[in-house]
file work.txt (compact mmCIF, C-alpha atoms)
# COMPACT_ATOMS: atom_id res chain seq x y z
CA MET I 1 22.65 -11.19 13.17
CA GLN I 2 20.35 -13.39 11.05
CA LYS I 3 21.49 -14.34 7.58
CA THR I 4 19.36 -14.07 4.48
CA PRO I 5 18.04 -17.57 3.62
CA GLU I 6 18.99 -19.17 0.33
CA TRP I 7 15.38 -19.37 -0.85
CA LEU I 8 15.10 -15.57 -0.61
CA TRP I 9 18.17 -15.11 -2.80
CA ALA I 10 16.66 -17.57 -5.27
CA LEU I 11 13.33 -15.73 -5.26
CA ALA I 12 14.97 -12.33 -5.76
CA GLY I 13 17.10 -13.72 -8.59
CA ALA I 14 14.11 -15.34 -10.29
CA VAL I 15 12.11 -12.09 -10.07
CA TRP I 16 15.05 -10.17 -11.53
CA ILE I 17 15.35 -12.56 -14.47
CA LEU I 18 11.61 -12.76 -15.16
CA CYS I 19 11.16 -8.98 -15.03
CA THR I 20 14.14 -8.46 -17.35
CA VAL I 21 12.86 -11.04 -19.84
CA ALA I 22 9.35 -9.52 -19.74
CA PHE I 23 10.68 -6.08 -20.69
CA LEU I 24 12.91 -7.44 -23.43
CA ALA I 25 10.16 -9.63 -24.89
CA LEU I 26 7.09 -7.39 -24.60
CA ASP I 27 8.44 -3.85 -24.88
CA PRO I 28 7.95 -2.62 -28.51
CA GLN I 29 11.23 -0.74 -28.13
CA PRO I 30 13.25 -2.98 -25.80
CA ASP I 31 16.04 -1.33 -23.87
CA ALA I 32 18.62 -3.43 -22.01
CA LEU I 33 19.30 -0.75 -19.39
CA LEU I 34 15.60 -0.42 -18.59
CA ALA I 35 15.02 -4.18 -18.50
CA ILE I 36 17.99 -5.01 -16.28
CA SER I 37 17.55 -2.10 -13.88
CA ALA I 38 13.78 -2.62 -13.53
CA GLY I 39 14.40 -6.26 -12.65
CA GLY I 40 17.13 -5.15 -10.24
CA ASN I 41 14.73 -2.75 -8.54
CA ALA I 42 12.28 -5.56 -7.87
CA ALA I 43 14.99 -7.89 -6.58
CA ILE I 44 16.55 -5.32 -4.25
CA LEU I 45 13.19 -4.25 -2.83
CA ILE I 46 12.17 -7.85 -2.19
CA TRP I 47 15.44 -8.44 -0.34
CA GLY I 48 14.97 -5.20 1.62
CA MET I 49 11.40 -6.08 2.57
CA TYR I 50 12.49 -9.46 3.87
CA LYS I 51 15.27 -7.90 5.95
CA CYS I 52 12.74 -5.52 7.49
CA TYR I 53 10.54 -8.51 8.34
CA GLN I 54 13.50 -10.49 9.64
CA TRP I 55 14.63 -7.64 11.90
CA ARG I 56 11.04 -6.80 12.89
CA ILE I 57 11.28 -3.20 11.71
CA LEU I 58 8.43 -3.20 9.19
CA LEU I 59 6.75 -0.34 11.06
CA SER I 60 9.92 1.76 11.28
CA PRO I 61 10.64 4.66 8.89
CA VAL I 62 13.10 2.37 7.08
CA GLY I 63 10.44 -0.29 6.68
CA GLN I 64 7.86 2.20 5.44
CA ILE I 65 10.28 3.59 2.84
CA ILE I 66 11.13 0.16 1.42
CA THR I 67 7.67 -1.37 1.60
CA GLY I 68 5.77 1.72 0.44
CA PRO I 69 2.42 0.75 -1.12
CA GLY I 70 3.07 -0.78 -4.51
CA LEU I 71 6.67 0.43 -4.64
CA VAL I 72 7.98 -2.89 -5.89
CA PHE I 73 5.57 -2.59 -8.86
CA TYR I 74 6.01 1.15 -9.47
CA TYR I 75 9.77 0.71 -9.81
CA SER I 76 9.66 -2.42 -11.97
CA ILE I 77 7.05 -4.38 -13.91
CA GLY I 78 4.35 -1.71 -13.45
CA ASN I 79 6.07 0.38 -16.10
CA LEU I 80 5.78 -2.26 -18.80
CA GLY I 81 2.15 -1.38 -19.57
CA ALA I 82 3.11 2.21 -20.38
CA ARG I 83 5.94 1.05 -22.63
CA MET I 84 3.65 -1.35 -24.48
CA ALA I 85 0.94 1.30 -24.97
CA GLY I 86 3.44 3.82 -26.37
CA ASP I 87 2.98 7.56 -26.73
CA SER I 88 -0.73 7.18 -27.42
CA ARG I 89 -1.40 5.80 -23.93
CA MET I 90 -3.81 7.45 -21.52
CA ALA I 91 -2.55 10.43 -19.51
CA ALA I 92 0.78 10.36 -21.34
CA ASN I 93 3.45 13.01 -20.96
CA PRO I 94 4.98 13.67 -24.40
CA GLY I 95 8.41 12.10 -24.75
CA SER I 96 8.48 10.67 -21.22
CA LEU I 97 9.02 7.07 -22.38
CA GLU I 98 12.47 8.03 -23.65
CA TYR I 99 13.56 8.77 -20.08
CA TYR I 100 12.33 5.49 -18.55
CA PRO I 101 15.73 3.72 -18.91
CA LEU I 102 17.59 6.53 -17.14
CA ALA I 103 14.87 6.88 -14.49
CA SER I 104 15.00 3.13 -13.83
CA ALA I 105 18.80 3.10 -13.58
CA LEU I 106 18.77 6.03 -11.15
CA CYS I 107 16.11 4.27 -9.07
CA THR I 108 18.29 1.15 -8.97
CA ALA I 109 21.28 3.18 -7.78
CA GLY I 110 19.23 4.97 -5.13
CA VAL I 111 17.52 1.85 -3.80
CA ALA I 112 20.78 -0.10 -3.77
CA ILE I 113 22.67 2.63 -1.91
CA PHE I 114 19.87 3.02 0.62
CA CYS I 115 19.62 -0.72 1.33
CA LEU I 116 23.39 -1.21 1.51
CA VAL I 117 23.78 1.64 3.99
CA VAL I 118 20.86 0.52 6.14
CA PHE I 119 21.41 -3.24 6.18
CA LEU I 120 25.16 -3.64 5.71
CA VAL I 121 26.84 -0.48 6.99
CA LEU I 122 24.65 0.69 9.87
CA PRO I 123 22.69 -2.38 11.07
CA ARG I 124 23.66 -2.00 14.72
CA PHE I 125 21.68 1.22 15.01
CA LEU I 126 18.54 -0.59 13.89
CA LEU I 127 19.12 -3.55 16.19
CA GLU I 128 19.89 -1.62 19.37
CA PRO I 129 17.32 -1.95 22.19
CA ARG I 130 14.57 0.64 21.83
CA LEU I 131 10.86 1.07 22.32
CA ARG I 132 9.35 -1.61 20.12
CA TYR I 133 5.80 -1.88 18.86
CA GLU I 134 5.48 -5.43 20.21
CA ALA I 135 6.30 -4.11 23.70
CA LEU I 136 3.31 -1.73 23.70
CA GLU I 137 0.11 -2.92 25.37
CA TRP I 138 -3.45 -1.83 24.64
CA SER I 139 -6.74 -2.98 26.07
CA TYR I 140 -9.60 -4.01 23.79
CA TRP I 141 -11.68 -0.98 24.80
CA GLN I 142 -8.91 1.33 23.61
CA GLY I 143 -9.19 -0.25 20.17
CA ILE I 144 -12.93 0.39 20.17
CA VAL I 145 -12.44 4.01 21.23
CA ALA I 146 -9.76 4.56 18.55
CA ALA I 147 -12.11 3.21 15.86
CA ILE I 148 -15.03 5.33 17.10
CA VAL I 149 -12.91 8.50 17.17
CA ALA I 150 -11.71 7.86 13.61
CA GLY I 151 -15.30 7.32 12.45
CA VAL I 152 -16.61 10.40 14.23
CA VAL I 153 -13.94 12.63 12.69
CA LEU I 154 -14.60 11.27 9.21
CA PHE I 155 -18.36 11.58 9.28
CA TYR I 156 -18.22 14.98 11.00
CA LEU I 157 -16.21 16.30 8.06
CA SER I 158 -18.39 14.50 5.55
CA GLY I 159 -21.48 16.09 7.05
CA ARG I 160 -20.04 19.61 6.76
CA TYR I 161 -18.09 19.55 3.51
CA ALA I 162 -18.35 18.04 0.06
CA PHE I 163 -16.09 15.05 -0.50
CA VAL I 164 -15.02 14.98 -4.15
CA ASN I 165 -12.17 13.05 -5.77
CA GLY I 166 -10.83 11.97 -2.39
CA TYR I 167 -10.68 15.43 -0.78
CA PHE I 168 -12.91 17.51 1.46
CA ARG I 169 -13.65 20.71 -0.43
CA ASP I 170 -13.77 24.30 0.86
CA VAL I 171 -12.88 23.37 4.45
CA ALA I 172 -13.13 26.40 6.76
CA GLY I 173 -11.53 27.03 10.15
CA GLN I 174 -8.18 25.93 11.56
CA PHE I 175 -9.65 23.05 13.55
CA ASP I 176 -11.51 21.59 10.59
CA LEU I 177 -8.46 22.07 8.36
CA TRP I 178 -6.37 20.13 10.87
CA LEU I 179 -8.97 17.37 11.03
CA SER I 180 -9.18 17.08 7.23
CA ALA I 181 -5.39 16.84 6.99
CA SER I 182 -5.24 14.23 9.78
CA VAL I 183 -8.22 12.02 8.99
CA TYR I 184 -6.09 9.20 7.55
CA TYR I 185 -3.90 9.16 10.66
CA PHE I 186 -6.88 8.64 12.95
CA LEU I 187 -7.75 5.58 10.89
CA LEU I 188 -4.17 4.26 10.92
CA LEU I 189 -3.94 4.71 14.69
CA ALA I 190 -7.07 2.58 15.05
CA VAL I 191 -5.46 -0.03 12.79
CA ILE I 192 -2.28 -0.09 14.89
CA VAL I 193 -4.12 -0.42 18.20
CA ASN I 194 -6.64 -3.04 17.09
CA THR I 195 -4.04 -5.17 15.32
CA SER I 196 -2.03 -5.32 18.56
CA VAL I 197 -5.12 -6.38 20.48
CA LEU I 198 -5.96 -8.98 17.83
CA ALA I 199 -2.47 -10.48 17.95
CA LYS I 200 -2.06 -10.47 21.74
CA ALA I 201 -5.44 -10.83 23.41
CA ALA I 202 -6.12 -14.14 25.16
CA ASP I 203 -9.88 -13.54 25.46
CA PRO I 204 -11.73 -14.62 22.25
CA MET I 205 -14.23 -11.78 22.72
CA HIS I 206 -11.43 -9.23 22.80
CA ARG I 207 -9.97 -10.66 19.60
CA ALA I 208 -13.40 -10.63 17.98
CA SER I 209 -13.88 -7.00 19.01
CA ALA I 210 -10.49 -6.01 17.52
CA GLY I 211 -11.23 -7.94 14.33
CA ALA I 212 -14.60 -6.23 13.96
CA CYS I 213 -12.99 -2.81 14.43
CA LEU I 214 -10.36 -3.62 11.81
CA GLY I 215 -13.06 -4.75 9.39
CA ALA I 216 -15.01 -1.54 9.97
CA ILE I 217 -11.92 0.61 9.37
CA ILE I 218 -11.14 -1.19 6.12
CA CYS I 219 -14.75 -0.69 4.97
CA VAL I 220 -14.49 3.00 5.76
CA ALA I 221 -11.20 3.18 3.86
CA ILE I 222 -12.99 1.87 0.76
CA LEU I 223 -15.35 4.85 0.90
CA LEU I 224 -12.43 7.31 0.84
CA ARG I 225 -11.75 6.59 -2.86
CA SER I 226 -7.96 6.23 -2.61
CA ARG I 227 -7.07 2.66 -3.50
CA THR I 228 -3.54 3.36 -2.33
CA PHE I 229 -4.81 4.14 1.16
CA MET I 230 -7.01 1.04 1.11
CA GLY I 231 -3.90 -1.01 0.44
CA VAL I 232 -1.92 0.92 3.06
CA THR I 233 -4.58 0.14 5.68
CA ILE I 234 -4.27 -3.60 5.12
CA MET I 235 -0.49 -3.51 4.74
CA MET I 236 -0.12 -1.54 7.98
CA SER I 237 -2.19 -4.14 9.79
CA LEU I 238 -0.12 -6.91 8.18
CA PHE I 239 3.17 -5.33 9.22
CA ALA I 240 1.93 -4.72 12.75
CA TYR I 241 0.73 -8.32 13.04
CA LEU I 242 3.98 -9.76 11.70
CA THR I 243 5.97 -7.61 14.12
CA ILE I 244 4.17 -9.38 16.98
CA ARG I 245 3.66 -12.80 15.35
CA PRO I 246 6.54 -13.17 12.86
CA ARG I 247 6.11 -16.95 12.56
CA ARG I 248 2.66 -16.61 10.99
CA LEU I 249 4.03 -15.14 7.79
CA HIS I 250 2.34 -17.29 5.13
CA ARG I 251 -1.17 -17.16 6.54
CA ALA I 252 -0.99 -13.43 7.27
CA VAL I 253 0.39 -12.54 3.84
CA GLY I 254 -2.21 -14.71 2.08
CA LEU I 255 -5.06 -13.09 4.00
CA ALA I 256 -3.66 -9.60 3.33
CA ALA I 257 -3.29 -10.32 -0.39
CA ALA I 258 -6.90 -11.49 -0.60
CA GLY I 259 -8.02 -8.40 1.30
CA ILE I 260 -6.08 -6.02 -0.96
CA ALA I 261 -7.53 -7.68 -4.08
CA THR I 262 -11.05 -7.28 -2.66
CA VAL I 263 -10.73 -3.63 -1.59
CA PHE I 264 -9.00 -2.76 -4.85
CA THR I 265 -11.94 -4.17 -6.80
CA LEU I 266 -14.55 -2.38 -4.70
CA GLY I 267 -12.41 0.75 -4.47
CA THR I 268 -12.38 1.04 -8.25
CA VAL I 269 -16.16 1.41 -8.17
CA VAL I 270 -15.90 4.18 -5.57
CA LYS I 271 -13.07 5.87 -7.46
CA THR I 272 -15.17 5.93 -10.62
CA ALA I 273 -18.29 7.17 -8.82
CA ASN I 274 -16.58 9.83 -6.69
CA GLY I 275 -15.89 12.03 -9.69
CA GLU I 276 -19.65 12.60 -9.78
CA SER I 277 -20.66 12.13 -6.12
CA SER I 278 -20.06 14.71 -3.39
CA SER I 279 -20.09 12.78 -0.11
CA ILE I 280 -18.93 9.59 1.53
CA MET I 281 -22.52 8.40 1.85
CA ALA I 282 -22.91 8.85 -1.92
CA ASN I 283 -19.89 6.59 -2.37
CA LEU I 284 -21.60 4.00 -0.18
CA ALA I 285 -24.76 4.30 -2.27
CA ALA I 286 -22.72 3.73 -5.43
CA LEU I 287 -21.36 0.50 -3.97
CA ARG I 288 -24.77 -0.69 -2.79
CA THR I 289 -26.34 -0.17 -6.22
CA SER I 290 -23.54 -1.93 -8.14
CA ASN I 291 -24.14 -5.55 -9.01
CA VAL I 292 -21.45 -8.07 -9.90
CA GLY I 293 -21.68 -7.30 -13.61
CA ALA I 294 -21.34 -3.56 -13.05
CA ILE I 295 -18.35 -4.05 -10.75
CA ARG I 296 -16.67 -6.24 -13.37
CA ASP I 297 -17.33 -3.74 -16.17
CA ILE I 298 -16.03 -0.80 -14.13
CA ASN I 299 -12.85 -2.69 -13.22
CA ASP I 300 -12.32 -3.76 -16.84
CA ALA I 301 -12.62 -0.15 -17.99
CA SER I 302 -10.27 1.06 -15.26
CA SER I 303 -7.63 -1.58 -15.97
CA ASP I 304 -6.48 0.26 -19.10
CA VAL I 305 -5.70 3.43 -17.16
CA ASP I 306 -4.14 1.42 -14.33
CA GLY I 307 -1.86 -0.51 -16.67
CA GLN I 308 -0.92 2.40 -18.91
CA TYR I 309 -0.49 5.13 -16.33
CA ARG I 310 -1.20 4.54 -12.64
CA LEU I 311 1.31 1.70 -12.20
CA ALA I 312 4.05 3.48 -14.15
CA GLY I 313 6.23 4.82 -11.37
CA PHE I 314 8.80 6.18 -13.83
CA GLU I 315 6.19 8.44 -15.41
call {"tool": "encode", "arguments": {"input": "work.txt", "output": "structure tokens"}}
result
Amino acid sequence: MQKTPEWLWALAGAVWILCTVAFLALDPQPDALLAISAGGNAAILIWGMYKCYQWRILLSPVGQIITGPGLVFYYSIGNLGARMAGDSRMAANPGSLEYYPLASALCTAGVAIFCLVVFLVLPRFLLEPRLRYEALEWSYWQGIVAAIVAGVVLFYLSGRYAFVNGYFRDVAGQFDLWLSASVYYFLLLAVIVNTSVLAKAADPMHRASAGACLGAIICVAILLRSRTFMGVTIMMSLFAYLTIRPRRLHRAVGLAAAGIATVFTLGTVVKTANGESSSIMANLAALRTSNVGAIRDINDASSDVDGQYRLAGFE
């Protein structure tokens, strides 16, 4: 069984200390329990994410629980903005800030118990031979078909029903209801298949085809309004790639981080426009008509809500 490297312990410890200091220094009403436990949450989740990478189980249910989109922020430093803004913050629940210390401490206990059980008590069950993602084989044409199917489903629904605030409205019929509930999974399946082709294919044309399909899926994800799903799309591709090519960690993580920053910026424009638009094509039109200045202004305006509410997992 592989040991945790010393640099990872140092990183987790540094994150714990920095997060604790940030809460104690910037919180108008500093609370030691909140500061220490929030820092502990970040440190434990970082350690857990690395163990999932080390054991190549990022795509497993355990990996998805620990690396959930933004979880390391929602359980730690993401709550500082709400504390700094106080009870007058946007979308505030009256009196909720008083419960942040207890919520953080309970999160620390839950995350710690989960990681200890998974990685220290029951590791042999995760390391036993089983069907692994890296053992699955797909051809490049299957990646193309998966992407086409996902696109057809999405635009079929968009052509029949209004798409407002990230949801198809007034969907009728059992088949269409099933499609509307499953549309994200069609996209994720295409991500899984094309990432495998991209990581394994020896033919440059096959890799180019898989890369183009991944790019198209990410662009489609931007039009769906949910910035969380945009991030999930890229993170899922990252985890799938690292499962097959674990030694390319730094380059893959850097590319994924740049991609998430880009889709988050563009997704904010769509999120703002979709409250008024009623289709995916209208979301695309909103992006096409936004210049650099408009994109910057929209993201500046949205940052207040993001910092005061959307990143506050304890809320």
call {"tool": "atom_distance", "arguments": {"input": "work.txt", "atom1": "CA of Gly70 in chain I", "atom2": "CA of Pro123 in chain I"}}
result
25.1 Å
call {"tool": "atom_distance", "arguments": {"input": "work.txt", "atom1": "CA of Phe168 in chain I", "atom2": "CA of Ala216 in chain I"}}
result
21.0 Å
call {"tool": "atom_distance", "arguments": {"input": "work.txt", "atom1": "CA of Ala252 in chain I", "atom2": "CA of Leu187 in chain I"}}
result
20.5 Å
call {"tool": "residues_around", "arguments": {"input": "work.txt", "residues": "Ser139 in chain I", "least_positions_apart": "3", "cutoff": "12 Å", "atoms": "only C-alpha atoms", "output": "NGL selection string"}}
result
:I and (136 or 142-146 or 193-203 or 206-207 or 209-210)
call {"tool": "residues_around", "arguments": {"input": "work.txt", "residues": "range 84-89 of chain I", "least_positions_apart": "4", "cutoff": "8 Å", "atoms": "all atoms listed in the file", "output": "number ranges by chain"}}
result
I: 26-28, 80, 93-95, 97, 308-309
call {"tool": "residues_around", "arguments": {"input": "work.txt", "residues": "Tyr99 in chain I", "least_positions_apart": "2", "cutoff": "12 Å", "atoms": "all atoms listed in the file", "output": "tab-separated table (two decimals) with C-alpha atoms, in the frame of the given file"}}
result
chain	number	residue	atom	x	y	z
I	31	ASP	CA	16.04	-1.33	-23.87
I	33	LEU	CA	19.30	-0.75	-19.39
I	34	LEU	CA	15.60	-0.42	-18.59
I	79	ASN	CA	6.07	0.38	-16.10
I	83	ARG	CA	5.94	1.05	-22.63
I	93	ASN	CA	3.45	13.01	-20.96
I	94	PRO	CA	4.98	13.67	-24.40
I	95	GLY	CA	8.41	12.10	-24.75
I	96	SER	CA	8.48	10.67	-21.22
I	97	LEU	CA	9.02	7.07	-22.38
I	101	PRO	CA	15.73	3.72	-18.91
I	102	LEU	CA	17.59	6.53	-17.14
I	103	ALA	CA	14.87	6.88	-14.49
I	104	SER	CA	15.00	3.13	-13.83
I	105	ALA	CA	18.80	3.10	-13.58
I	106	LEU	CA	18.77	6.03	-11.15
I	314	PHE	CA	8.80	6.18	-13.83
I	315	GLU	CA	6.19	8.44	-15.41
call {"tool": "residues_around", "arguments": {"input": "work.txt", "residues": "Ile148 in chain I", "least_positions_apart": "5", "cutoff": "9 Å", "atoms": "only C-alpha atoms", "output": "ChimeraX atom specification"}}
result
/I:143,153,190,213
call {"tool": "build_atoms", "arguments": {"input": "work.txt", "residues": "range 180-193 of chain I", "atoms": "N, CA and C atoms", "output": "PDB file, in the coordinates of the input"}}
result
ATOM      1  N   SER I 180      -9.166  17.598   8.608  1.00  0.00           N
ATOM      2  CA  SER I 180      -9.180  17.080   7.230  1.00  0.00           C
ATOM      3  C   SER I 180      -7.805  16.611   6.801  1.00  0.00           C
ATOM      4  N   ALA I 181      -6.755  17.265   7.325  1.00  0.00           N
ATOM      5  CA  ALA I 181      -5.390  16.840   6.990  1.00  0.00           C
ATOM      6  C   ALA I 181      -4.971  15.606   7.771  1.00  0.00           C
ATOM      7  N   SER I 182      -5.658  15.318   8.885  1.00  0.00           N
ATOM      8  CA  SER I 182      -5.240  14.230   9.780  1.00  0.00           C
ATOM      9  C   SER I 182      -6.160  13.025   9.737  1.00  0.00           C
ATOM     10  N   VAL I 183      -7.197  13.063   8.924  1.00  0.00           N
ATOM     11  CA  VAL I 183      -8.220  12.020   8.990  1.00  0.00           C
ATOM     12  C   VAL I 183      -7.646  10.632   8.738  1.00  0.00           C
ATOM     13  N   TYR I 184      -6.686  10.502   7.819  1.00  0.00           N
ATOM     14  CA  TYR I 184      -6.090   9.200   7.550  1.00  0.00           C
ATOM     15  C   TYR I 184      -5.315   8.684   8.757  1.00  0.00           C
ATOM     16  N   TYR I 185      -4.711   9.585   9.523  1.00  0.00           N
ATOM     17  CA  TYR I 185      -3.900   9.160  10.660  1.00  0.00           C
ATOM     18  C   TYR I 185      -4.761   8.652  11.810  1.00  0.00           C
ATOM     19  N   PHE I 186      -5.958   9.194  11.960  1.00  0.00           N
ATOM     20  CA  PHE I 186      -6.880   8.640  12.950  1.00  0.00           C
ATOM     21  C   PHE I 186      -7.219   7.194  12.599  1.00  0.00           C
ATOM     22  N   LEU I 187      -7.439   6.933  11.323  1.00  0.00           N
ATOM     23  CA  LEU I 187      -7.750   5.580  10.890  1.00  0.00           C
ATOM     24  C   LEU I 187      -6.565   4.636  11.090  1.00  0.00           C
ATOM     25  N   LEU I 188      -5.360   5.105  10.765  1.00  0.00           N
ATOM     26  CA  LEU I 188      -4.170   4.260  10.920  1.00  0.00           C
ATOM     27  C   LEU I 188      -3.868   3.978  12.385  1.00  0.00           C
ATOM     28  N   LEU I 189      -4.121   4.956  13.255  1.00  0.00           N
ATOM     29  CA  LEU I 189      -3.940   4.710  14.690  1.00  0.00           C
ATOM     30  C   LEU I 189      -4.881   3.607  15.157  1.00  0.00           C
ATOM     31  N   ALA I 190      -6.117   3.640  14.689  1.00  0.00           N
ATOM     32  CA  ALA I 190      -7.070   2.580  15.050  1.00  0.00           C
ATOM     33  C   ALA I 190      -6.599   1.230  14.533  1.00  0.00           C
ATOM     34  N   VAL I 191      -5.999   1.218  13.341  1.00  0.00           N
ATOM     35  CA  VAL I 191      -5.460  -0.030  12.790  1.00  0.00           C
ATOM     36  C   VAL I 191      -4.338  -0.569  13.676  1.00  0.00           C
ATOM     37  N   ILE I 192      -3.421   0.304  14.070  1.00  0.00           N
ATOM     38  CA  ILE I 192      -2.280  -0.090  14.890  1.00  0.00           C
ATOM     39  C   ILE I 192      -2.731  -0.668  16.230  1.00  0.00           C
ATOM     40  N   VAL I 193      -3.664   0.014  16.882  1.00  0.00           N
ATOM     41  CA  VAL I 193      -4.120  -0.420  18.200  1.00  0.00           C
ATOM     42  C   VAL I 193      -4.877  -1.738  18.106  1.00  0.00           C
TER      43      VAL I 193
END
